[in-house]
$ cat start23.txt   # compact mmCIF, N, CA and C atoms
# COMPACT_ATOMS: atom_id res chain seq x y z
N MET F 1 0.86 -1.17 0.00
CA MET F 1 0.00 0.00 0.00
C MET F 1 0.90 1.23 0.00
N THR F 2 0.40 2.28 -0.62
CA THR F 2 1.10 3.55 -0.63
C THR F 2 0.09 4.68 -0.76
N ASN F 3 0.58 5.90 -0.65
CA ASN F 3 -0.28 7.07 -0.83
C ASN F 3 -0.04 7.74 -2.19
N ARG F 4 1.11 7.45 -2.80
CA ARG F 4 1.47 8.02 -4.11
C ARG F 4 2.70 7.29 -4.61
N PRO F 5 3.05 7.43 -5.88
CA PRO F 5 4.26 6.79 -6.38
C PRO F 5 5.49 7.19 -5.55
N ARG F 6 6.23 6.20 -5.14
CA ARG F 6 7.43 6.37 -4.32
C ARG F 6 7.16 7.06 -2.99
N GLY F 7 5.93 6.95 -2.53
CA GLY F 7 5.53 7.55 -1.26
C GLY F 7 5.79 6.60 -0.10
N VAL F 8 5.03 6.78 0.96
CA VAL F 8 5.12 5.92 2.13
C VAL F 8 4.68 4.52 1.73
N LEU F 9 5.40 3.50 2.21
CA LEU F 9 5.08 2.11 1.86
C LEU F 9 4.62 1.34 3.09
N TYR F 10 3.67 0.45 2.87
CA TYR F 10 3.14 -0.42 3.91
C TYR F 10 3.09 -1.84 3.36
N VAL F 11 3.59 -2.78 4.14
CA VAL F 11 3.55 -4.19 3.79
C VAL F 11 2.69 -4.90 4.82
N GLY F 12 1.75 -5.71 4.35
CA GLY F 12 0.89 -6.44 5.26
C GLY F 12 0.47 -7.76 4.66
N VAL F 13 -0.23 -8.55 5.47
CA VAL F 13 -0.72 -9.85 5.02
C VAL F 13 -2.19 -9.97 5.42
N THR F 14 -2.95 -10.63 4.57
CA THR F 14 -4.37 -10.83 4.84
C THR F 14 -4.87 -12.07 4.09
N ALA F 15 -5.93 -12.64 4.60
CA ALA F 15 -6.56 -13.77 3.90
C ALA F 15 -7.62 -13.27 2.92
N ASN F 16 -8.04 -12.00 3.05
CA ASN F 16 -9.07 -11.45 2.17
C ASN F 16 -8.61 -10.06 1.70
N LEU F 17 -7.87 -10.03 0.62
CA LEU F 17 -7.25 -8.80 0.15
C LEU F 17 -8.26 -7.71 -0.16
N SER F 18 -9.29 -8.03 -0.88
CA SER F 18 -10.24 -7.00 -1.27
C SER F 18 -10.93 -6.38 -0.05
N ALA F 19 -11.28 -7.18 0.94
CA ALA F 19 -11.91 -6.64 2.16
C ALA F 19 -10.91 -5.78 2.94
N ARG F 20 -9.67 -6.21 2.99
CA ARG F 20 -8.66 -5.45 3.74
C ARG F 20 -8.37 -4.10 3.07
N ILE F 21 -8.29 -4.08 1.77
CA ILE F 21 -8.06 -2.81 1.07
C ILE F 21 -9.24 -1.88 1.31
N TRP F 22 -10.45 -2.42 1.26
CA TRP F 22 -11.64 -1.61 1.53
C TRP F 22 -11.54 -0.99 2.93
N GLN F 23 -11.09 -1.77 3.91
CA GLN F 23 -10.92 -1.24 5.27
C GLN F 23 -9.92 -0.08 5.29
N HIS F 24 -8.78 -0.27 4.63
CA HIS F 24 -7.77 0.79 4.60
C HIS F 24 -8.33 2.06 3.95
N ARG F 25 -9.07 1.90 2.90
CA ARG F 25 -9.64 3.05 2.18
C ARG F 25 -10.70 3.78 2.99
N ASN F 26 -11.32 3.09 3.90
CA ASN F 26 -12.39 3.69 4.70
C ASN F 26 -11.95 4.04 6.12
N GLY F 27 -10.66 3.99 6.37
CA GLY F 27 -10.14 4.42 7.66
C GLY F 27 -10.31 3.43 8.79
N THR F 28 -10.66 2.19 8.49
CA THR F 28 -10.81 1.19 9.54
C THR F 28 -9.73 0.12 9.47
N GLY F 29 -8.73 0.33 8.62
CA GLY F 29 -7.59 -0.60 8.53
C GLY F 29 -6.59 -0.27 9.63
N SER F 30 -5.33 -0.43 9.36
CA SER F 30 -4.30 -0.17 10.36
C SER F 30 -4.18 1.31 10.66
N ASP F 31 -3.72 1.62 11.87
CA ASP F 31 -3.48 3.01 12.25
C ASP F 31 -2.43 3.64 11.34
N PHE F 32 -1.41 2.85 10.96
CA PHE F 32 -0.34 3.35 10.09
C PHE F 32 -0.92 3.81 8.75
N CYS F 33 -1.73 2.97 8.15
CA CYS F 33 -2.35 3.34 6.85
C CYS F 33 -3.26 4.54 7.00
N GLN F 34 -3.97 4.62 8.10
CA GLN F 34 -4.85 5.75 8.33
C GLN F 34 -4.04 7.03 8.50
N ARG F 35 -2.96 6.97 9.30
CA ARG F 35 -2.14 8.16 9.56
C ARG F 35 -1.54 8.73 8.29
N TYR F 36 -1.06 7.86 7.40
CA TYR F 36 -0.39 8.31 6.18
C TYR F 36 -1.28 8.28 4.94
N ARG F 37 -2.56 7.99 5.13
CA ARG F 37 -3.54 7.95 4.04
C ARG F 37 -3.11 7.00 2.92
N LEU F 38 -2.76 5.80 3.31
CA LEU F 38 -2.32 4.80 2.34
C LEU F 38 -3.55 4.07 1.81
N THR F 39 -3.91 4.36 0.59
CA THR F 39 -5.12 3.78 0.00
C THR F 39 -4.87 3.12 -1.35
N ARG F 40 -3.66 3.20 -1.83
CA ARG F 40 -3.36 2.69 -3.17
C ARG F 40 -2.64 1.34 -3.07
N LEU F 41 -3.26 0.31 -3.63
CA LEU F 41 -2.65 -1.02 -3.70
C LEU F 41 -1.77 -1.06 -4.94
N VAL F 42 -0.46 -1.23 -4.74
CA VAL F 42 0.46 -1.22 -5.89
C VAL F 42 1.14 -2.56 -6.13
N LEU F 43 1.00 -3.50 -5.20
CA LEU F 43 1.58 -4.82 -5.39
C LEU F 43 0.86 -5.81 -4.49
N ALA F 44 0.57 -6.97 -5.03
CA ALA F 44 -0.02 -8.06 -4.24
C ALA F 44 0.61 -9.36 -4.71
N GLU F 45 0.98 -10.19 -3.76
CA GLU F 45 1.58 -11.49 -4.08
C GLU F 45 0.74 -12.60 -3.45
N PRO F 46 0.16 -13.47 -4.24
CA PRO F 46 -0.59 -14.59 -3.67
C PRO F 46 0.35 -15.67 -3.15
N HIS F 47 -0.06 -16.34 -2.09
CA HIS F 47 0.72 -17.43 -1.51
C HIS F 47 -0.22 -18.59 -1.21
N ALA F 48 0.31 -19.79 -1.26
CA ALA F 48 -0.50 -20.99 -1.07
C ALA F 48 -1.03 -21.13 0.36
N THR F 49 -0.24 -20.67 1.33
CA THR F 49 -0.66 -20.79 2.73
C THR F 49 -0.40 -19.46 3.45
N ILE F 50 -1.11 -19.25 4.55
CA ILE F 50 -0.90 -18.05 5.35
C ILE F 50 0.51 -18.05 5.94
N GLY F 51 1.03 -19.23 6.25
CA GLY F 51 2.39 -19.33 6.77
C GLY F 51 3.42 -18.80 5.78
N GLU F 52 3.26 -19.17 4.51
CA GLU F 52 4.16 -18.66 3.47
C GLU F 52 4.02 -17.15 3.32
N ALA F 53 2.81 -16.66 3.41
CA ALA F 53 2.56 -15.22 3.29
C ALA F 53 3.23 -14.45 4.43
N ILE F 54 3.17 -14.99 5.63
CA ILE F 54 3.78 -14.33 6.78
C ILE F 54 5.30 -14.32 6.66
N VAL F 55 5.86 -15.41 6.19
CA VAL F 55 7.32 -15.45 5.97
C VAL F 55 7.73 -14.39 4.96
N ARG F 56 6.98 -14.27 3.87
CA ARG F 56 7.29 -13.26 2.85
C ARG F 56 7.11 -11.85 3.41
N GLU F 57 6.05 -11.62 4.16
CA GLU F 57 5.82 -10.30 4.78
C GLU F 57 7.00 -9.91 5.66
N LYS F 58 7.45 -10.81 6.50
CA LYS F 58 8.58 -10.50 7.39
C LYS F 58 9.85 -10.22 6.60
N ALA F 59 10.05 -10.97 5.52
CA ALA F 59 11.23 -10.74 4.68
C ALA F 59 11.15 -9.35 4.04
N LEU F 60 10.00 -9.01 3.47
CA LEU F 60 9.85 -7.70 2.82
C LEU F 60 10.01 -6.56 3.81
N LYS F 61 9.52 -6.73 5.02
CA LYS F 61 9.65 -5.67 6.02
C LYS F 61 11.11 -5.42 6.39
N SER F 62 11.95 -6.42 6.20
CA SER F 62 13.37 -6.24 6.52
C SER F 62 14.17 -5.68 5.34
N TRP F 63 13.55 -5.62 4.17
CA TRP F 63 14.23 -5.10 2.98
C TRP F 63 14.48 -3.60 3.10
N GLN F 64 15.51 -3.16 2.40
CA GLN F 64 15.76 -1.73 2.28
C GLN F 64 14.70 -1.12 1.35
N ARG F 65 14.41 0.15 1.58
CA ARG F 65 13.39 0.85 0.79
C ARG F 65 13.66 0.78 -0.73
N PRO F 66 14.89 1.00 -1.21
CA PRO F 66 15.12 0.92 -2.66
C PRO F 66 14.79 -0.46 -3.24
N TRP F 67 14.98 -1.51 -2.46
CA TRP F 67 14.64 -2.86 -2.95
C TRP F 67 13.12 -2.99 -3.11
N LYS F 68 12.37 -2.46 -2.16
CA LYS F 68 10.91 -2.51 -2.23
C LYS F 68 10.41 -1.72 -3.44
N ILE F 69 10.99 -0.56 -3.66
CA ILE F 69 10.60 0.27 -4.80
C ILE F 69 10.89 -0.47 -6.11
N ALA F 70 12.05 -1.11 -6.20
CA ALA F 70 12.39 -1.87 -7.41
C ALA F 70 11.41 -3.03 -7.62
N LEU F 71 11.03 -3.71 -6.56
CA LEU F 71 10.06 -4.81 -6.67
C LEU F 71 8.73 -4.29 -7.23
N ILE F 72 8.26 -3.18 -6.69
CA ILE F 72 7.00 -2.60 -7.16
C ILE F 72 7.12 -2.17 -8.61
N GLU F 73 8.20 -1.47 -8.94
CA GLU F 73 8.34 -0.93 -10.29
C GLU F 73 8.56 -2.02 -11.34
N ASN F 74 9.09 -3.16 -10.96
CA ASN F 74 9.20 -4.28 -11.90
C ASN F 74 7.82 -4.81 -12.26
N ALA F 75 6.93 -4.87 -11.28
CA ALA F 75 5.59 -5.42 -11.51
C ALA F 75 4.58 -4.36 -11.93
N ASN F 76 4.79 -3.12 -11.50
CA ASN F 76 3.80 -2.06 -11.70
C ASN F 76 4.55 -0.73 -11.90
N PRO F 77 5.17 -0.55 -13.07
CA PRO F 77 6.05 0.61 -13.28
C PRO F 77 5.37 1.97 -13.14
N HIS F 78 4.07 2.04 -13.32
CA HIS F 78 3.37 3.33 -13.23
C HIS F 78 2.66 3.51 -11.88
N TRP F 79 2.90 2.59 -10.97
CA TRP F 79 2.32 2.65 -9.63
C TRP F 79 0.79 2.78 -9.69
N GLN F 80 0.18 2.06 -10.63
CA GLN F 80 -1.28 2.10 -10.76
C GLN F 80 -1.93 1.41 -9.56
N ASP F 81 -3.08 1.91 -9.17
CA ASP F 81 -3.85 1.28 -8.10
C ASP F 81 -4.45 -0.01 -8.63
N LEU F 82 -4.13 -1.11 -8.01
CA LEU F 82 -4.55 -2.44 -8.47
C LEU F 82 -5.85 -2.91 -7.82
N PHE F 83 -6.44 -2.10 -6.98
CA PHE F 83 -7.64 -2.52 -6.27
C PHE F 83 -8.74 -3.01 -7.21
N GLU F 84 -8.98 -2.28 -8.28
CA GLU F 84 -10.03 -2.66 -9.22
C GLU F 84 -9.74 -4.01 -9.88
N THR F 85 -8.47 -4.35 -10.04
CA THR F 85 -8.13 -5.62 -10.71
C THR F 85 -8.37 -6.83 -9.81
N ILE F 86 -8.47 -6.61 -8.48
CA ILE F 86 -8.70 -7.74 -7.59
C ILE F 86 -10.17 -7.92 -7.24
N GLN F 87 -11.02 -6.95 -7.63
CA GLN F 87 -12.44 -7.05 -7.37
C GLN F 87 -13.05 -8.17 -8.22
N GLY F 88 -13.99 -8.86 -7.67
CA GLY F 88 -14.64 -9.83 -8.51
C GLY F 88 -15.21 -11.01 -7.85
$ encode --input "start23.txt" --output "structure tokens"
Amino acid sequence: MTNRPRGVLYVGVTANLSARIWQHRNGTGSDFCQRYRLTRLVLAEPHATIGEAIVREKALKSWQRPWKIALIENANPHWQDLFETIQG
């Protein structure tokens, strides 16, 4: 999640991505997302199990900021909001 291209970044894990993004957009998600107005989904990675997702989340949280930006820009070079693509 972010507020703008190359803005504040948030990494999280959820079992229901679309519901969680909706929460963030409506101010009922994390305090961090609410404080920095993080409403733009710019990257999502599916995982087979919640355990795998948590391992990946912890790894990403330990990454340096330039690495996270490179990961996003490889998958989403224009930092488009992907929320609409996950609806359905």
$ atom_distance --input "start23.txt" --atom1 "atom CA of F:Trp67" --atom2 "atom CA of F:Asn26"
28.8 Å
$ closest_residue --input "start23.txt" --among "F:Ala15, F:Leu9, F:Ile50, F:Ile72" --to "F:Arg37" --atoms "only C-alpha atoms"
F:Leu9
$ closest_residue --input "start23.txt" --among "F:Gly7, F:Gly27, F:Pro46, F:Gly51" --to "F:Lys68" --atoms "only C-alpha atoms"
F:Gly7
$ atom_distance --input "start23.txt" --atom1 "atom N of F:His78" --atom2 "atom CA of F:Leu17"
20.7 Å
$ atom_distance --input "start23.txt" --atom1 "atom C of F:Leu60" --atom2 "atom C of F:Leu43"
12.4 Å
$ select_by_dssp --input "start23.txt" --residues "chain F" --states "helix (DSSP H, G or I)" --output "mmCIF file with N, CA and C atoms, in the coordinates of the input"
data_model
loop_
_atom_site.group_PDB
_atom_site.id
_atom_site.type_symbol
_atom_site.label_atom_id
_atom_site.label_comp_id
_atom_site.auth_asym_id
_atom_site.auth_seq_id
_atom_site.Cartn_x
_atom_site.Cartn_y
_atom_site.Cartn_z
ATOM 1 N N LEU F 17 -7.870 -10.030 0.620
ATOM 2 C CA LEU F 17 -7.250 -8.800 0.150
ATOM 3 C C LEU F 17 -8.260 -7.710 -0.160
ATOM 4 N N SER F 18 -9.290 -8.030 -0.880
ATOM 5 C CA SER F 18 -10.240 -7.000 -1.270
ATOM 6 C C SER F 18 -10.930 -6.380 -0.050
ATOM 7 N N ALA F 19 -11.280 -7.180 0.940
ATOM 8 C CA ALA F 19 -11.910 -6.640 2.160
ATOM 9 C C ALA F 19 -10.910 -5.780 2.940
ATOM 10 N N ARG F 20 -9.670 -6.210 2.990
ATOM 11 C CA ARG F 20 -8.660 -5.450 3.740
ATOM 12 C C ARG F 20 -8.370 -4.100 3.070
ATOM 13 N N ILE F 21 -8.290 -4.080 1.770
ATOM 14 C CA ILE F 21 -8.060 -2.810 1.070
ATOM 15 C C ILE F 21 -9.240 -1.880 1.310
ATOM 16 N N TRP F 22 -10.450 -2.420 1.260
ATOM 17 C CA TRP F 22 -11.640 -1.610 1.530
ATOM 18 C C TRP F 22 -11.540 -0.990 2.930
ATOM 19 N N GLN F 23 -11.090 -1.770 3.910
ATOM 20 C CA GLN F 23 -10.920 -1.240 5.270
ATOM 21 C C GLN F 23 -9.920 -0.080 5.290
ATOM 22 N N HIS F 24 -8.780 -0.270 4.630
ATOM 23 C CA HIS F 24 -7.770 0.790 4.600
ATOM 24 C C HIS F 24 -8.330 2.060 3.950
ATOM 25 N N ARG F 25 -9.070 1.900 2.900
ATOM 26 C CA ARG F 25 -9.640 3.050 2.180
ATOM 27 C C ARG F 25 -10.700 3.780 2.990
ATOM 28 N N ASP F 31 -3.720 1.620 11.870
ATOM 29 C CA ASP F 31 -3.480 3.010 12.250
ATOM 30 C C ASP F 31 -2.430 3.640 11.340
ATOM 31 N N PHE F 32 -1.410 2.850 10.960
ATOM 32 C CA PHE F 32 -0.340 3.350 10.090
ATOM 33 C C PHE F 32 -0.920 3.810 8.750
ATOM 34 N N CYS F 33 -1.730 2.970 8.150
ATOM 35 C CA CYS F 33 -2.350 3.340 6.850
ATOM 36 C C CYS F 33 -3.260 4.540 7.000
ATOM 37 N N GLN F 34 -3.970 4.620 8.100
ATOM 38 C CA GLN F 34 -4.850 5.750 8.330
ATOM 39 C C GLN F 34 -4.040 7.030 8.500
ATOM 40 N N ARG F 35 -2.960 6.970 9.300
ATOM 41 C CA ARG F 35 -2.140 8.160 9.560
ATOM 42 C C ARG F 35 -1.540 8.730 8.290
ATOM 43 N N TYR F 36 -1.060 7.860 7.400
ATOM 44 C CA TYR F 36 -0.390 8.310 6.180
ATOM 45 C C TYR F 36 -1.280 8.280 4.940
ATOM 46 N N ILE F 50 -1.110 -19.250 4.550
ATOM 47 C CA ILE F 50 -0.900 -18.050 5.350
ATOM 48 C C ILE F 50 0.510 -18.050 5.940
ATOM 49 N N GLY F 51 1.030 -19.230 6.250
ATOM 50 C CA GLY F 51 2.390 -19.330 6.770
ATOM 51 C C GLY F 51 3.420 -18.800 5.780
ATOM 52 N N GLU F 52 3.260 -19.170 4.510
ATOM 53 C CA GLU F 52 4.160 -18.660 3.470
ATOM 54 C C GLU F 52 4.020 -17.150 3.320
ATOM 55 N N ALA F 53 2.810 -16.660 3.410
ATOM 56 C CA ALA F 53 2.560 -15.220 3.290
ATOM 57 C C ALA F 53 3.230 -14.450 4.430
ATOM 58 N N ILE F 54 3.170 -14.990 5.630
ATOM 59 C CA ILE F 54 3.780 -14.330 6.780
ATOM 60 C C ILE F 54 5.300 -14.320 6.660
ATOM 61 N N VAL F 55 5.860 -15.410 6.190
ATOM 62 C CA VAL F 55 7.320 -15.450 5.970
ATOM 63 C C VAL F 55 7.730 -14.390 4.960
ATOM 64 N N ARG F 56 6.980 -14.270 3.870
ATOM 65 C CA ARG F 56 7.290 -13.260 2.850
ATOM 66 C C ARG F 56 7.110 -11.850 3.410
ATOM 67 N N GLU F 57 6.050 -11.620 4.160
ATOM 68 C CA GLU F 57 5.820 -10.300 4.780
ATOM 69 C C GLU F 57 7.000 -9.910 5.660
ATOM 70 N N LYS F 58 7.450 -10.810 6.500
ATOM 71 C CA LYS F 58 8.580 -10.500 7.390
ATOM 72 C C LYS F 58 9.850 -10.220 6.600
ATOM 73 N N ALA F 59 10.050 -10.970 5.520
ATOM 74 C CA ALA F 59 11.230 -10.740 4.680
ATOM 75 C C ALA F 59 11.150 -9.350 4.040
ATOM 76 N N LEU F 60 10.000 -9.010 3.470
ATOM 77 C CA LEU F 60 9.850 -7.700 2.820
ATOM 78 C C LEU F 60 10.010 -6.560 3.810
ATOM 79 N N LYS F 61 9.520 -6.730 5.020
ATOM 80 C CA LYS F 61 9.650 -5.670 6.020
ATOM 81 C C LYS F 61 11.110 -5.420 6.390
ATOM 82 N N SER F 62 11.950 -6.420 6.200
ATOM 83 C CA SER F 62 13.370 -6.240 6.520
ATOM 84 C C SER F 62 14.170 -5.680 5.340
ATOM 85 N N ARG F 65 14.410 0.150 1.580
ATOM 86 C CA ARG F 65 13.390 0.850 0.790
ATOM 87 C C ARG F 65 13.660 0.780 -0.730
ATOM 88 N N PRO F 66 14.890 1.000 -1.210
ATOM 89 C CA PRO F 66 15.120 0.920 -2.660
ATOM 90 C C PRO F 66 14.790 -0.460 -3.240
ATOM 91 N N TRP F 67 14.980 -1.510 -2.460
ATOM 92 C CA TRP F 67 14.640 -2.860 -2.950
ATOM 93 C C TRP F 67 13.120 -2.990 -3.110
ATOM 94 N N LYS F 68 12.370 -2.460 -2.160
ATOM 95 C CA LYS F 68 10.910 -2.510 -2.230
ATOM 96 C C LYS F 68 10.410 -1.720 -3.440
ATOM 97 N N ILE F 69 10.990 -0.560 -3.660
ATOM 98 C CA ILE F 69 10.600 0.270 -4.800
ATOM 99 C C ILE F 69 10.890 -0.470 -6.110
ATOM 100 N N ALA F 70 12.050 -1.110 -6.200
ATOM 101 C CA ALA F 70 12.390 -1.870 -7.410
ATOM 102 C C ALA F 70 11.410 -3.030 -7.620
ATOM 103 N N LEU F 71 11.030 -3.710 -6.560
ATOM 104 C CA LEU F 71 10.060 -4.810 -6.670
ATOM 105 C C LEU F 71 8.730 -4.290 -7.230
ATOM 106 N N ILE F 72 8.260 -3.180 -6.690
ATOM 107 C CA ILE F 72 7.000 -2.600 -7.160
ATOM 108 C C ILE F 72 7.120 -2.170 -8.610
ATOM 109 N N GLU F 73 8.200 -1.470 -8.940
ATOM 110 C CA GLU F 73 8.340 -0.930 -10.290
ATOM 111 C C GLU F 73 8.560 -2.020 -11.340
ATOM 112 N N ASN F 74 9.090 -3.160 -10.960
ATOM 113 C CA ASN F 74 9.200 -4.280 -11.900
ATOM 114 C C ASN F 74 7.820 -4.810 -12.260
ATOM 115 N N ALA F 75 6.930 -4.870 -11.280
ATOM 116 C CA ALA F 75 5.590 -5.420 -11.510
ATOM 117 C C ALA F 75 4.580 -4.360 -11.930
ATOM 118 N N PHE F 83 -6.440 -2.100 -6.980
ATOM 119 C CA PHE F 83 -7.640 -2.520 -6.270
ATOM 120 C C PHE F 83 -8.740 -3.010 -7.210
ATOM 121 N N GLU F 84 -8.980 -2.280 -8.280
ATOM 122 C CA GLU F 84 -10.030 -2.660 -9.220
ATOM 123 C C GLU F 84 -9.740 -4.010 -9.880
ATOM 124 N N THR F 85 -8.470 -4.350 -10.040
ATOM 125 C CA THR F 85 -8.130 -5.620 -10.710
ATOM 126 C C THR F 85 -8.370 -6.830 -9.810
ATOM 127 N N ILE F 86 -8.470 -6.610 -8.480
ATOM 128 C CA ILE F 86 -8.700 -7.740 -7.590
ATOM 129 C C ILE F 86 -10.170 -7.920 -7.240
#
$ residues_around --input "start23.txt" --residues "F:Arg6" --least-positions-apart "3" --cutoff "8 Å" --atoms "all atoms listed in the file" --output "list of chain:residue names"
F:Thr2, F:Asn3, F:Leu9, F:Ile69, F:Trp79
$ closest_residue --input "start23.txt" --among "F:Asn74, F:Arg35, F:Phe83, F:Glu45" --to "F:Ile21" --atoms "all atoms listed in the file"
F:Phe83
$ closest_residue --input "start23.txt" --among "F:Val11, F:Pro77, F:His24, F:Ala53" --to "F:Leu38" --atoms "all atoms listed in the file"
F:His24
